[in-house]
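In what follows, a structure is listed as structure tokens, so that the remarks can point back to it.
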Amino acid sequence: MLAGGDGEAAAKLLELIVALGEVFGAERLVPVESAHIAGVSYKNLGEAGLEWLVEQADLGARAHILATLNPAGMDMEEWEAMGVPPEFAEGQRRVIATFERMGVEPTCTCTPYLVGHVPELGSQVAWAESSAVCYVNSVIGARTNRESGPTTLASAVTGLAALYGYRLDENRRPGAVVELGVELKSIMEYSALGYLTGKKLGTTVPYYVGLGKPAMESMKALGAACATSGGIALWHGEGVTPEAEGMESFIDGLEKLSVERADLDEEIARLTQPLEDPLIALGCPHASLGEMAEIAKLVKGRDMGGNLWVFTNRGVYDEAEAAGHVGVIEEAGGRVYRDTCMVVAPVKEMGWKEVATNSFKAGHYMANMRLRTRMGTIRELLTEVL
Ligand code: F3S
């Protein structure tokens, strides 16, 4: 393949994987079963990034394994209603068309595992997007490093990755124990815990004790947050995640972090200011059907005055539409957008100055963009903010 037997694109992309493997001391390559590709929003790619993608497609790059796409910078159909400028929309359309030309499924979501992309326990995959990486490593128990846009495309085309990092047993062991002295009751509290963990531990693999019985939505929120404030790509939860059971023998003598209610309240307070006319942004990571149902129930018959945006993927949207949730949210003056989210869409350019959210990942990035933020549970945001 390196010599060009599978075409020029495959040779160049494999060179990238080999170079990474050399940097990280990988002994060999390993086949990967699927790829989840980031670097999709035209906001981040710009013309230079788009040109690189077109060049790969022109050279014959084609996905040879299941490959899905991360969110784009807009809802691919409803972009006008979102207020996205036409020139941005044109750039974004060209990005998606180029990925489709390369055989990548235009899922445009950070929760590909909610639309059928669910790898086997222990399988090697190549995923990008920090929250998706954290989920697939921790909750599903497949193996990936925190890949980038180019390396995931390279793996999609070659079917290979370099064997290092979280692909190896020894690097999946916990490096610290996080003991919960508080019962977590909402997705937002799991998100706060993740945010605190990432801040305290950086990239160390946490082993949570006392996590309760988190729902899938809470686990996706936890991983998204600890991959935001830190670089955590994998966590274990005693009695919760599939690899935790084999890890007890490695936790003796590890650094311990205790988390109490006051610690979570402090994180919530840091990203919470009084707001006057906020966008309530939910669905980071992309909302599940259960979250859509909860939101619909809370806004039914109310007037959110255009201040509620919910982000999800096309698969969940279709299910939520069939169940009537999308109709209820829209009748209440909310909008449900697909393919994108509050962080990759040009929210600030659209005139929003304040964002209320239950996701510390979203809150973190909104605050970095100098928007005023407020954290709250879905119920608090939908019943107390407007
Ligand atoms: Fe997903 Fe966007 Fe949040 S990509 S994890 S919804 S910042």
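Residue numbering restarts at 1 in every chain; chains get A, B, ... in the order shown in the structure tokens, and ligands count up from 1 in that same order.
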Within 6 Å of ligand 1 (only C-alpha atoms and all ligand atoms), residues as an MDAnalysis selection string:
chainID A and resid 71 110 131 224 283:286 341 343 362
Write out as a ChimeraX atom specification each polymer residue whose atoms come within 12 Å of Ile96 in chain A, counting only C-alpha atoms; drop sequence neighbours fewer than 4 positions from it.
/A:37-42,45,50,53-54,57,68-76,89-92,100-108,339
Mind checking DSSP for range 16-142 of chain A and telling me the strand (DSSP E) residues as a VMD selection string?
chain A and resid 29 to 31 34 to 37 66 to 69 126 to 127
Writer output for current selection, all heavy atoms, as a CSV table (one decimal), in the first residue's frame:
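New file again.csv:
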chain,number,residue,atom,x,y,z
A,29,LEU,N,1.2,-2.1,12.8
A,29,LEU,CA,-0.1,-1.6,12.5
A,29,LEU,C,-1.1,-2.6,12.9
A,29,LEU,O,-0.8,-3.8,13.2
A,29,LEU,CB,-0.2,-1.4,11.0
A,29,LEU,CG,0.7,-0.3,10.4
A,29,LEU,CD1,0.6,-0.3,8.8
A,29,LEU,CD2,0.4,1.1,10.9
A,30,VAL,N,-2.4,-2.1,13.1
A,30,VAL,CA,-3.5,-3.0,13.5
A,30,VAL,C,-4.7,-2.7,12.6
A,30,VAL,O,-4.9,-1.6,12.3
A,30,VAL,CB,-3.7,-2.9,15.0
A,30,VAL,CG1,-4.3,-1.5,15.3
A,30,VAL,CG2,-4.6,-4.0,15.5
A,31,PRO,N,-5.4,-3.8,12.2
A,31,PRO,CA,-6.6,-3.5,11.4
A,31,PRO,C,-7.7,-2.8,12.3
A,31,PRO,O,-7.8,-3.2,13.4
A,31,PRO,CB,-7.1,-4.8,10.9
A,31,PRO,CG,-6.0,-5.8,11.2
A,31,PRO,CD,-5.2,-5.2,12.3
A,34,SER,N,-13.8,0.2,12.2
A,34,SER,CA,-14.7,1.3,11.7
A,34,SER,C,-13.9,2.6,12.0
A,34,SER,O,-13.0,2.7,12.8
A,34,SER,CB,-16.0,1.3,12.4
A,34,SER,OG,-15.9,1.6,13.8
A,35,ALA,N,-14.4,3.7,11.4
A,35,ALA,CA,-13.9,5.0,11.7
A,35,ALA,C,-15.0,6.0,11.9
A,35,ALA,O,-16.1,5.9,11.3
A,35,ALA,CB,-13.0,5.5,10.5
A,36,HIS,N,-14.7,7.0,12.8
A,36,HIS,CA,-15.6,8.1,13.0
A,36,HIS,C,-14.8,9.4,12.7
A,36,HIS,O,-13.9,9.6,13.5
A,36,HIS,CB,-16.3,8.1,14.3
A,36,HIS,CG,-17.2,9.2,14.5
A,36,HIS,ND1,-18.4,9.3,13.8
A,36,HIS,CD2,-17.2,10.3,15.3
A,36,HIS,CE1,-19.0,10.4,14.1
A,36,HIS,NE2,-18.3,11.1,15.0
A,37,ILE,N,-15.2,10.1,11.7
A,37,ILE,CA,-14.3,11.2,11.2
A,37,ILE,C,-14.7,12.5,11.7
A,37,ILE,O,-15.9,12.9,11.5
A,37,ILE,CB,-14.3,11.1,9.6
A,37,ILE,CG1,-13.8,9.8,9.2
A,37,ILE,CG2,-13.5,12.3,9.1
A,37,ILE,CD1,-13.8,9.6,7.7
A,66,LEU,N,-16.6,0.8,7.6
A,66,LEU,CA,-17.7,1.7,8.0
A,66,LEU,C,-17.1,3.0,8.5
A,66,LEU,O,-16.2,3.0,9.4
A,66,LEU,CB,-18.5,1.1,9.1
A,66,LEU,CG,-19.5,2.0,9.8
A,66,LEU,CD1,-20.6,2.4,8.8
A,66,LEU,CD2,-20.2,1.3,11.0
A,67,ALA,N,-17.5,4.1,7.9
A,67,ALA,CA,-17.0,5.4,8.3
A,67,ALA,C,-18.1,6.4,8.4
A,67,ALA,O,-18.9,6.6,7.5
A,67,ALA,CB,-16.0,5.9,7.3
A,68,THR,N,-18.3,7.0,9.6
A,68,THR,CA,-19.3,8.0,9.9
A,68,THR,C,-18.7,9.4,10.1
A,68,THR,O,-17.5,9.5,10.3
A,68,THR,CB,-20.2,7.6,11.1
A,68,THR,OG1,-19.3,7.3,12.2
A,68,THR,CG2,-21.0,6.3,10.8
A,69,LEU,N,-19.6,10.4,10.0
A,69,LEU,CA,-19.1,11.8,10.1
A,69,LEU,C,-19.6,12.5,11.4
A,69,LEU,O,-20.7,12.3,11.8
A,69,LEU,CB,-19.6,12.6,8.9
A,69,LEU,CG,-18.9,12.7,7.6
A,69,LEU,CD1,-19.5,13.8,6.8
A,69,LEU,CD2,-17.4,12.9,7.9
A,126,ALA,N,-11.1,3.5,14.8
A,126,ALA,CA,-10.4,4.8,14.7
A,126,ALA,C,-11.4,5.9,14.8
A,126,ALA,O,-12.1,6.2,13.8
A,126,ALA,CB,-9.6,4.9,13.4
A,127,TRP,N,-11.6,6.5,16.0
A,127,TRP,CA,-12.6,7.5,16.2
A,127,TRP,C,-12.0,8.8,16.6
A,127,TRP,O,-11.0,8.9,17.3
A,127,TRP,CB,-13.6,7.1,17.3
A,127,TRP,CG,-14.6,6.1,16.8
A,127,TRP,CD1,-14.4,5.1,15.9
A,127,TRP,CD2,-16.0,5.9,17.3
A,127,TRP,NE1,-15.6,4.3,15.8
A,127,TRP,CE2,-16.6,4.8,16.6
A,127,TRP,CE3,-16.7,6.6,18.3
A,127,TRP,CZ2,-17.9,4.4,16.9
A,127,TRP,CZ3,-18.0,6.2,18.5
A,127,TRP,CH2,-18.6,5.1,17.8
Could you build a table of the residues in range 54-137 of chain A lying no more than 12 Å from range 229-248 of chain A, giving for each the nearest pair of atoms and their separation in Å rounded to one decimal place, using only C-alpha atoms, ordered by chain and ascending residue number, as a tab-separated table?
residue	atom	partner	partner_atom	distance
A:Glu120	CA	A:Pro242	CA	11.4
A:Leu121	CA	A:Pro242	CA	8.1
A:Gly122	CA	A:Glu243	CA	9.2
A:Trp127	CA	A:Ala233	CA	10.8
A:Ala128	CA	A:Ala233	CA	10.4
A:Glu129	CA	A:Ala233	CA	10.0
A:Ser130	CA	A:Ala233	CA	6.9
A:Ser131	CA	A:Ala233	CA	8.1
A:Ala132	CA	A:Ala233	CA	9.1
A:Val133	CA	A:Ala233	CA	6.1
A:Cys134	CA	A:Ala233	CA	4.6
A:Tyr135	CA	A:Leu234	CA	7.7
A:Val136	CA	A:Leu234	CA	8.5
A:Asn137	CA	A:Leu234	CA	5.5
Please dump the current selection as a PDB file, in the first residue's frame; keep C-alpha atoms.
ATOM      1  CA  GLU A 120     -17.804  -4.776  19.402  1.00  0.00           C
ATOM      2  CA  LEU A 121     -16.297  -4.892  22.900  1.00  0.00           C
ATOM      3  CA  GLY A 122     -12.510  -5.066  22.549  1.00  0.00           C
ATOM      4  CA  TRP A 127     -12.606   7.498  16.157  1.00  0.00           C
ATOM      5  CA  ALA A 128     -12.215  11.229  16.488  1.00  0.00           C
ATOM      6  CA  GLU A 129     -14.273  13.773  18.477  1.00  0.00           C
ATOM      7  CA  SER A 130     -13.402  13.714  22.123  1.00  0.00           C
ATOM      8  CA  SER A 131     -16.859  12.828  23.506  1.00  0.00           C
ATOM      9  CA  ALA A 132     -17.378  10.023  20.990  1.00  0.00           C
ATOM     10  CA  VAL A 133     -13.878   8.714  21.742  1.00  0.00           C
ATOM     11  CA  CYS A 134     -14.583   8.711  25.481  1.00  0.00           C
ATOM     12  CA  TYR A 135     -17.903   6.905  24.950  1.00  0.00           C
ATOM     13  CA  VAL A 136     -16.598   4.241  22.595  1.00  0.00           C
ATOM     14  CA  ASN A 137     -13.565   3.505  24.791  1.00  0.00           C
TER      15      ASN A 137
END
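Close contacts of Val182 in chain A, defined as residues with an atom at most 8 Å away when counting only C-alpha atoms, with chain neighbours fewer than 6 positions off set aside, comprise Val259, Glu260 and Arg261 of chain A.
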